[in-house]
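Peer 1: For reference, this is target.txt, and it has compact mmCIF, C-alpha atoms.
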# COMPACT_ATOMS: atom_id res chain seq x y z
CA MET V 1 0.00 0.00 0.00
CA ALA V 2 1.38 3.34 -1.04
CA ASN V 3 0.65 5.05 2.27
CA HIS V 4 1.83 2.40 4.63
CA GLU V 5 2.00 3.62 8.24
CA ALA V 6 5.60 2.53 8.80
CA THR V 7 6.78 4.64 5.91
CA GLY V 8 4.54 7.65 6.46
CA SER V 9 6.68 9.47 9.01
CA LEU V 10 9.97 8.26 7.63
CA GLU V 11 9.22 9.50 4.15
CA ARG V 12 9.85 13.10 5.10
CA GLU V 13 13.54 12.38 5.78
CA SER V 14 15.92 12.10 2.88
CA VAL V 15 16.12 8.69 1.28
CA TRP V 16 19.89 9.02 1.14
CA SER V 17 20.17 9.57 4.87
CA GLY V 18 18.51 6.23 5.40
CA GLY V 19 15.24 7.70 6.54
CA GLY V 20 12.92 6.99 3.69
CA SER V 21 11.62 3.88 2.05
CA PRO V 22 12.17 4.35 -1.68
CA TYR V 23 9.63 1.67 -2.51
CA ALA V 24 7.01 2.68 0.07
CA ILE V 25 6.50 -0.92 1.15
CA PRO V 26 7.31 -2.67 4.45
CA SER V 27 10.80 -4.18 4.71
CA LYS V 28 9.32 -7.68 5.02
CA LYS V 29 7.64 -7.29 1.66
CA LEU V 30 10.84 -6.07 0.01
CA GLY V 31 12.65 -9.00 1.62
CA MET V 32 10.13 -11.45 0.15
CA TRP V 33 10.41 -9.84 -3.28
CA LEU V 34 14.21 -10.17 -3.19
CA PHE V 35 13.89 -13.81 -2.12
CA ILE V 36 11.42 -14.42 -4.95
CA VAL V 37 13.79 -12.95 -7.54
CA SER V 38 16.63 -15.17 -6.33
CA ASP V 39 14.34 -18.21 -6.22
CA ALA V 40 13.13 -17.38 -9.74
CA ILE V 41 16.77 -17.54 -10.85
CA THR V 42 17.13 -20.98 -9.22
CA PHE V 43 14.07 -22.30 -11.05
CA SER V 44 15.18 -20.70 -14.31
CA ALA V 45 18.52 -22.48 -14.00
CA LEU V 46 16.74 -25.81 -13.50
CA LEU V 47 14.32 -25.22 -16.38
CA ILE V 48 17.15 -24.20 -18.70
CA ALA V 49 19.19 -27.23 -17.58
CA TYR V 50 16.16 -29.44 -18.29
CA SER V 51 15.79 -27.91 -21.76
CA TYR V 52 19.52 -28.18 -22.40
CA VAL V 53 19.76 -31.89 -21.67
CA ARG V 54 16.60 -32.48 -23.64
CA VAL V 55 17.92 -30.74 -26.75
CA ALA V 56 21.30 -32.44 -26.34
CA SER V 57 19.71 -35.87 -26.02
CA LEU V 58 18.98 -38.12 -28.97
CA SER V 59 16.58 -40.36 -27.04
CA TRP V 60 14.52 -38.02 -24.90
CA PRO V 61 11.24 -39.70 -23.96
CA ARG V 62 7.75 -38.23 -24.32
CA PRO V 63 6.10 -40.40 -21.73
CA PHE V 64 2.93 -38.46 -20.88
CA GLU V 65 -0.28 -39.89 -22.27
CA GLY V 66 -3.80 -38.50 -22.05
CA PRO V 67 -4.45 -39.28 -18.36
CA ALA V 68 -1.10 -37.76 -17.27
CA ILE V 69 -1.82 -34.58 -19.25
CA THR V 70 -5.34 -34.39 -17.78
CA ASN V 71 -3.87 -34.88 -14.31
CA ALA V 72 -1.33 -32.08 -14.84
CA THR V 73 -4.07 -29.81 -16.26
CA VAL V 74 -6.22 -30.38 -13.18
CA MET V 75 -3.18 -29.63 -11.00
CA THR V 76 -2.67 -26.37 -12.90
CA ALA V 77 -6.30 -25.36 -12.43
CA ILE V 78 -6.10 -26.17 -8.71
CA LEU V 79 -2.95 -24.10 -8.27
CA LEU V 80 -4.44 -21.15 -10.21
CA SER V 81 -7.59 -21.32 -8.11
CA SER V 82 -5.57 -21.46 -4.89
CA SER V 83 -3.94 -18.22 -6.04
CA LEU V 84 -7.41 -16.71 -6.33
CA THR V 85 -8.34 -17.77 -2.79
CA MET V 86 -4.99 -16.32 -1.64
CA VAL V 87 -5.87 -12.95 -3.18
CA LEU V 88 -9.25 -13.08 -1.43
CA GLY V 89 -7.44 -13.91 1.83
CA VAL V 90 -5.20 -10.86 1.48
CA ARG V 91 -8.27 -8.70 0.74
CA ALA V 92 -10.01 -9.99 3.87
CA ALA V 93 -6.88 -9.27 5.92
CA LYS V 94 -6.69 -5.72 4.53
CA LEU V 95 -10.32 -5.21 5.57
CA ALA V 96 -9.36 -6.35 9.10
CA ASP V 97 -11.52 -9.47 8.71
CA ARG V 98 -9.25 -11.92 10.55
CA PRO V 99 -11.58 -14.98 10.50
CA GLY V 100 -12.25 -14.36 6.80
CA ALA V 101 -8.54 -14.15 6.05
CA ALA V 102 -7.87 -17.39 7.97
CA LYS V 103 -10.73 -19.10 6.10
CA TRP V 104 -9.35 -18.13 2.69
CA LEU V 105 -5.83 -19.10 3.77
CA GLY V 106 -7.27 -22.49 4.74
CA ALA V 107 -8.85 -22.82 1.29
CA THR V 108 -5.49 -21.96 -0.28
CA MET V 109 -3.75 -24.60 1.85
CA LEU V 110 -6.35 -27.15 0.75
CA GLY V 111 -5.49 -26.34 -2.89
CA GLY V 112 -1.80 -26.84 -2.13
CA ILE V 113 -2.44 -30.18 -0.40
CA LEU V 114 -4.60 -31.40 -3.30
CA PHE V 115 -1.90 -30.35 -5.74
CA ASP V 116 0.70 -32.31 -3.75
CA ILE V 117 -1.50 -35.43 -3.60
CA LEU V 118 -2.09 -35.42 -7.37
CA HIS V 119 1.59 -34.77 -8.00
CA ILE V 120 2.82 -37.56 -5.73
CA ARG V 121 0.34 -39.94 -7.38
CA GLU V 122 1.87 -38.96 -10.73
CA TRP V 123 5.35 -39.63 -9.34
CA PHE V 124 4.35 -43.10 -8.16
CA HIS V 125 2.99 -43.94 -11.62
CA LEU V 126 6.39 -43.03 -13.03
CA PHE V 127 8.17 -45.10 -10.37
CA ASP V 128 5.99 -48.06 -11.38
CA GLU V 129 7.10 -47.61 -14.97
CA GLY V 130 10.72 -47.72 -13.83
CA VAL V 131 11.64 -44.04 -13.94
CA THR V 132 13.89 -42.99 -11.05
CA LEU V 133 16.42 -40.26 -10.42
CA LEU V 134 19.13 -42.28 -12.18
CA HIS V 135 17.15 -44.51 -14.51
CA ASN V 136 14.72 -44.12 -17.38
CA PRO V 137 13.37 -47.13 -19.27
CA TRP V 138 12.71 -45.16 -22.47
CA GLY V 139 16.09 -43.56 -23.15
CA ASP V 140 18.54 -41.15 -21.60
CA PRO V 141 18.65 -41.40 -17.79
CA GLN V 142 18.94 -37.61 -17.57
CA PHE V 143 15.17 -37.48 -18.07
CA GLY V 144 14.60 -38.94 -14.60
CA ALA V 145 17.20 -36.67 -12.99
CA ALA V 146 15.91 -33.51 -14.69
CA PHE V 147 12.23 -34.33 -14.19
CA PHE V 148 12.43 -35.29 -10.53
CA SER V 149 14.79 -32.49 -9.47
CA LEU V 150 12.66 -29.85 -11.19
CA THR V 151 9.23 -31.07 -10.09
CA GLY V 152 10.64 -32.14 -6.71
CA LEU V 153 11.94 -28.66 -5.95
CA HIS V 154 8.57 -27.23 -6.95
CA MET V 155 6.69 -29.74 -4.81
CA THR V 156 8.95 -28.81 -1.88
CA HIS V 157 7.98 -25.17 -2.42
CA VAL V 158 4.28 -26.06 -2.40
CA THR V 159 4.68 -28.11 0.78
CA VAL V 160 6.70 -25.39 2.54
CA GLY V 161 4.06 -22.91 1.36
CA VAL V 162 1.23 -24.94 2.92
CA VAL V 163 3.07 -24.96 6.28
CA TYR V 164 3.90 -21.25 5.96
CA LEU V 165 0.26 -20.36 5.22
CA GLY V 166 -0.85 -22.50 8.15
CA VAL V 167 1.45 -20.60 10.51
CA VAL V 168 0.24 -17.26 9.11
CA ALA V 169 -3.43 -18.33 9.35
CA ILE V 170 -3.08 -19.29 13.03
CA GLY V 171 -1.07 -16.15 13.77
CA THR V 172 -3.70 -14.03 12.03
CA LEU V 173 -6.53 -15.59 14.06
CA ARG V 174 -4.60 -14.95 17.28
CA GLY V 175 -3.89 -11.37 16.30
CA LYS V 176 -0.16 -12.03 16.24
CA TYR V 177 0.29 -11.27 12.54
CA SER V 178 -0.84 -8.21 10.63
CA ASP V 179 -2.39 -7.86 7.18
CA ASP V 180 1.12 -7.21 5.84
CA ASP V 181 2.23 -10.66 6.94
CA VAL V 182 -0.69 -12.21 5.07
CA GLU V 183 0.21 -10.19 1.99
CA VAL V 184 3.88 -11.28 2.16
CA SER V 185 2.86 -14.96 2.43
CA GLY V 186 0.59 -14.34 -0.57
CA LEU V 187 3.55 -13.13 -2.64
CA TYR V 188 5.31 -16.42 -1.94
CA TRP V 189 2.24 -18.48 -2.87
CA HIS V 190 1.68 -16.64 -6.15
CA PHE V 191 5.33 -17.17 -7.01
CA VAL V 192 4.94 -20.95 -6.57
CA ASP V 193 1.94 -20.72 -8.92
CA LEU V 194 3.97 -18.64 -11.39
CA VAL V 195 6.78 -21.21 -11.56
CA TRP V 196 4.28 -23.97 -12.34
CA MET V 197 3.05 -21.92 -15.32
CA PHE V 198 6.45 -22.64 -16.90
CA ILE V 199 6.94 -26.22 -15.67
CA PHE V 200 3.52 -27.33 -16.94
CA PRO V 201 4.05 -26.52 -20.66
CA LEU V 202 7.79 -27.27 -20.77
CA VAL V 203 7.79 -30.55 -18.87
CA TYR V 204 4.30 -31.93 -19.49
CA LEU V 205 2.80 -30.51 -22.68
CA MET V 206 6.08 -30.63 -24.60
CA SER V 207 6.53 -34.26 -23.50
CA ALA V 208 3.06 -35.50 -24.37
CA LYS V 209 3.21 -38.81 -26.21
CA PHE V 210 0.74 -37.67 -28.88
CA ILE V 211 2.32 -34.36 -29.99
CA MET E 1 -0.78 2.64 -14.24
CA HIS E 2 -2.80 4.07 -11.39
CA ALA E 3 -5.96 2.06 -11.29
CA ALA E 4 -5.62 2.49 -7.53
CA ALA E 5 -7.22 5.89 -7.85
CA GLU E 6 -10.26 4.51 -9.66
CA HIS E 7 -10.89 1.78 -7.16
CA GLY E 8 -10.15 3.90 -4.14
CA HIS E 9 -8.75 2.03 -1.19
CA SER E 10 -8.87 -1.49 -2.56
CA GLU E 11 -6.45 -1.23 -5.55
CA GLY E 12 -7.68 -3.62 -8.21
CA SER E 13 -11.31 -4.48 -7.64
CA LYS E 14 -12.60 -7.95 -6.93
CA GLY E 15 -13.89 -8.04 -10.52
CA THR E 16 -10.37 -7.51 -11.86
CA VAL E 17 -9.10 -10.44 -9.80
CA TYR E 18 -11.81 -12.77 -11.10
CA THR E 19 -11.18 -11.63 -14.68
CA VAL E 20 -7.46 -12.39 -14.32
CA TRP E 21 -8.23 -15.81 -12.83
CA ILE E 22 -10.63 -16.70 -15.68
CA THR E 23 -8.11 -15.45 -18.25
CA LEU E 24 -5.40 -17.65 -16.73
CA LEU E 25 -7.69 -20.69 -16.85
CA ILE E 26 -8.62 -19.98 -20.47
CA LEU E 27 -4.97 -19.57 -21.49
CA THR E 28 -4.20 -22.90 -19.78
CA ALA E 29 -7.05 -24.54 -21.71
CA VAL E 30 -5.64 -23.10 -24.95
CA GLU E 31 -2.22 -24.56 -24.12
CA VAL E 32 -3.68 -28.02 -23.49
CA PHE E 33 -5.78 -27.78 -26.66
CA LEU E 34 -2.63 -26.93 -28.66
CA ALA E 35 -0.87 -29.99 -27.26
CA TYR E 36 -3.44 -32.16 -29.07
CA GLN E 37 -3.02 -30.35 -32.42
CA HIS E 38 0.14 -32.11 -33.66
CA LEU E 39 1.97 -28.86 -34.38
CA PRO E 40 5.67 -28.86 -35.31
CA ILE E 41 7.52 -28.96 -32.00
CA LYS E 42 9.37 -25.65 -32.53
CA VAL E 43 6.13 -23.81 -33.33
CA MET E 44 4.55 -25.37 -30.28
CA LEU E 45 7.48 -24.32 -28.07
CA VAL E 46 7.26 -20.71 -29.22
CA ILE E 47 3.48 -20.53 -28.72
CA LEU E 48 3.60 -22.21 -25.31
CA MET E 49 6.42 -20.01 -24.04
CA THR E 50 4.66 -16.86 -25.27
CA LEU E 51 1.48 -17.90 -23.48
CA SER E 52 3.46 -18.76 -20.34
CA ILE E 53 5.13 -15.36 -20.29
CA VAL E 54 1.69 -13.72 -20.65
CA LYS E 55 0.35 -15.85 -17.79
CA GLY E 56 3.39 -15.14 -15.63
CA SER E 57 3.06 -11.41 -16.27
CA LEU E 58 -0.62 -11.46 -15.30
CA ILE E 59 0.23 -13.25 -12.04
CA ILE E 60 3.03 -10.79 -11.22
CA ALA E 61 1.02 -7.69 -12.18
CA TYR E 62 -2.32 -8.51 -10.55
CA PHE E 63 -1.99 -11.37 -8.06
CA MET E 64 1.40 -10.22 -6.79
CA HIS E 65 0.18 -6.66 -7.01
CA LEU E 66 3.30 -5.28 -8.70
CA ARG E 67 1.22 -3.13 -11.04
CA TYR E 68 -0.05 -1.13 -8.10
CA GLU E 69 3.31 -0.67 -6.36
CA ARG E 70 5.67 2.19 -7.05
CA GLY E 71 7.33 1.83 -10.44
CA SER E 72 10.75 1.86 -8.75
CA LEU E 73 10.09 -1.59 -7.24
CA ALA E 74 9.40 -3.22 -10.61
CA TRP E 75 12.37 -1.42 -12.16
CA THR E 76 14.65 -2.66 -9.37
CA LEU E 77 13.53 -6.29 -9.58
CA MET E 78 12.57 -7.16 -13.12
CA PRO E 79 15.41 -5.97 -15.42
CA ALA E 80 17.96 -7.78 -13.24
CA LEU E 81 15.93 -10.99 -13.36
CA VAL E 82 15.46 -10.83 -17.12
CA PHE E 83 19.16 -10.08 -17.60
CA VAL E 84 20.32 -13.01 -15.46
CA ILE E 85 17.94 -15.43 -17.20
CA GLY E 86 19.15 -14.14 -20.56
CA MET E 87 22.77 -14.73 -19.54
CA MET E 88 21.97 -18.34 -18.69
CA PHE E 89 21.24 -18.97 -22.37
CA ILE E 90 24.85 -18.19 -23.30
CA VAL E 91 25.86 -21.85 -23.14
CA PHE E 92 22.63 -23.10 -24.74
CA PRO E 93 23.81 -23.29 -28.39
CA ASP E 94 26.23 -26.03 -27.31
CA SER E 95 23.25 -28.31 -26.69
CA ILE E 96 22.63 -28.86 -30.42
CA ARG E 97 26.22 -30.01 -31.01
CA VAL E 98 25.32 -33.71 -30.88
CA TYR E 99 22.31 -33.13 -33.11
CA LEU E 100 24.33 -31.26 -35.74
CA MET E 101 27.63 -33.13 -35.65
CA GLY E 102 26.62 -36.59 -34.45
CA VAL E 103 28.06 -38.54 -31.55
CA LYS E 104 31.90 -38.32 -31.06
Would you mind giving the structure from this file in structure tokens?

Peer 2:
Amino acid sequence: MANHEATGSLERESVWSGGGSPYAIPSKKLGMWLFIVSDAITFSALLIAYSYVRVASLSWPRPFEGPAITNATVMTAILLSSSLTMVLGVRAAKLADRPGAAKWLGATMLGGILFDILHIREWFHLFDEGVTLLHNPWGDPQFGAAFFSLTGLHMTHVTVGVVYLGVVAIGTLRGKYSDDDVEVSGLYWHFVDLVWMFIFPLVYLMSAKFI
Amino acid sequence: MHAAAEHGHSEGSKGTVYTVWITLLILTAVEVFLAYQHLPIKVMLVILMTLSIVKGSLIIAYFMHLRYERGSLAWTLMPALVFVIGMMFIVFPDSIRVYLMGVK
């Protein structure tokens, strides 16, 4: 918010003397943004590494059939919808509606848990077919390594996010956390959603058996 | 840039949020539809990445609220990110070596 209380009085001092906040946002929010940019670089490196080994490989598999694509599409819709409930949670928090914010945070967590369940189910299907971190029955073993490290890191982010939102939801109900804390947790959640918007087409749609 | 003024306190009305959500779902549906169209893989890659960048931008601008922050925040964060990602592609041409020259 442009006129955040913490920055209101400080703004009158010179930015260069350390008094002002050049971005007019709380430090926590700037901290989360900086973390997100660095995390975006990590995911970019993994996605580019995935694409690199794929292009360099002469036997890259396209293992995903109709049901796997449908599963990944449902996962995408769930994650997008959980972002919507997150936005509604932040709105409720801004309107000082603490129970409402906790309720929407709970809905967001539910989306994250559902996403994880569907994703782990997908992983187990691949295990059954013989794909592991170091082995791939259809060709170059790098497929397993690239696929599991990329989706695994993303799944870790979703899981950490669910715990994080749970902590924020409880803290919000108890009056321990402010609306800014809800907003900062929202930034993290939307980022996890954003990363999936690149993993889904690159890893799933581009590896569909029927393309 | 300053839709905040139009919507008063709430910066980006509830309607805007729902519109963005529906748009994201539609773009996802388009991506999945394209996967079934047997397009040449390079064409498909370009279309999918374009759509993904559009989706990512919508999430950053509206869900992550960057559109309604001071411009200085976006200018601090985004050019650096784009630059670093661009730099990562420096080694990428080497990936087609096997394809062009064969093994060994």

Peer 1: Rounded to one decimal, what separation in Å do you get between CA of Gly139 (chain V) and CA of Ser59 (chain V)?

Peer 2: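 Rounded to one decimal, the two atoms are 5.1 Å apart.
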
Peer 1: Please provide the set of residues having any atom within 8 Å of region 29-32 of chain E, restricted to only C-alpha atoms, with same-chain residues fewer than 2 positions apart removed, written as a ChimeraX atom specification.

Peer 2: /V:73,201,205 /E:25-27,34-36,48,51

Peer 1: When you draw a straight line from CA of Phe198 (chain V) to CA of Val91 (chain E), how long is it in Å?

Peer 2: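 Computed distance, CA of Phe198 (chain V) to CA of Val91 (chain E), equals 20.4 Å.
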
Peer 1: With chain V as the partner and 8 Å as the cut-off, tabulate the residues of chain E that qualify, each row holding the nearest pair of atoms and their distance in Å to one decimal, using only C-alpha atoms, sorted by chain and rising number, as a tab-separated table.

Peer 2:
residue	atom	partner	partner_atom	distance
E:Ser10	CA	V:Arg91	CA	8.0
E:Val17	CA	V:Leu84	CA	7.4
E:Tyr18	CA	V:Leu84	CA	7.6
E:Trp21	CA	V:Leu84	CA	6.6
E:Leu24	CA	V:Leu80	CA	7.5
E:Leu25	CA	V:Ala77	CA	6.6
E:Thr28	CA	V:Thr73	CA	7.8
E:Glu31	CA	V:Pro201	CA	7.4
E:Val32	CA	V:Leu205	CA	7.0
E:Ala35	CA	V:Leu205	CA	5.9
E:Tyr36	CA	V:Ile211	CA	6.2
E:Gln37	CA	V:Ile211	CA	7.1
E:His38	CA	V:Ile211	CA	4.8
E:Leu39	CA	V:Ile211	CA	7.0
E:Ile41	CA	V:Met206	CA	7.7
E:Met44	CA	V:Met206	CA	7.9
E:Leu45	CA	V:Met206	CA	7.3
E:Leu48	CA	V:Pro201	CA	6.4
E:Met49	CA	V:Phe198	CA	7.6
E:Ser52	CA	V:Met197	CA	5.9
E:Lys55	CA	V:Met197	CA	7.1
E:Gly56	CA	V:Leu194	CA	5.5
E:Ile59	CA	V:Leu194	CA	6.6
E:Ile60	CA	V:His190	CA	7.9
E:Phe63	CA	V:Val87	CA	6.4
E:Met64	CA	V:Leu187	CA	5.5
E:Glu69	CA	V:Ala2	CA	6.9
E:Arg70	CA	V:Tyr23	CA	6.0
E:Ser72	CA	V:Tyr23	CA	6.3
E:Leu73	CA	V:Tyr23	CA	5.8
E:Leu77	CA	V:Val37	CA	7.0
E:Leu81	CA	V:Val37	CA	6.5
E:Val84	CA	V:Ile41	CA	7.4
E:Ile85	CA	V:Ser44	CA	6.6
E:Met88	CA	V:Ala45	CA	7.1
E:Phe89	CA	V:Ile48	CA	7.6
E:Phe92	CA	V:Tyr52	CA	6.4
E:Ser95	CA	V:Ala56	CA	4.6
E:Ile96	CA	V:Ala56	CA	5.6
E:Arg97	CA	V:Ala56	CA	7.2
E:Val98	CA	V:Ala56	CA	6.2
E:Tyr99	CA	V:Ala56	CA	6.9

Peer 1: Just the residues within 8 Å of His154 (chain V), please, counting only C-alpha atoms, with nothing from its chain fewer than 3 positions along; format it as a PDB file with C-alpha atoms, in the coordinates of the input.

Peer 2:
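File written: part14.pdb
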ATOM      1  CA  LEU V 150      12.660 -29.850 -11.190  1.00  0.00           C
ATOM      2  CA  THR V 151       9.230 -31.070 -10.090  1.00  0.00           C
ATOM      3  CA  HIS V 157       7.980 -25.170  -2.420  1.00  0.00           C
ATOM      4  CA  VAL V 158       4.280 -26.060  -2.400  1.00  0.00           C
ATOM      5  CA  VAL V 192       4.940 -20.950  -6.570  1.00  0.00           C
ATOM      6  CA  VAL V 195       6.780 -21.210 -11.560  1.00  0.00           C
ATOM      7  CA  TRP V 196       4.280 -23.970 -12.340  1.00  0.00           C
TER       8      TRP V 196
END
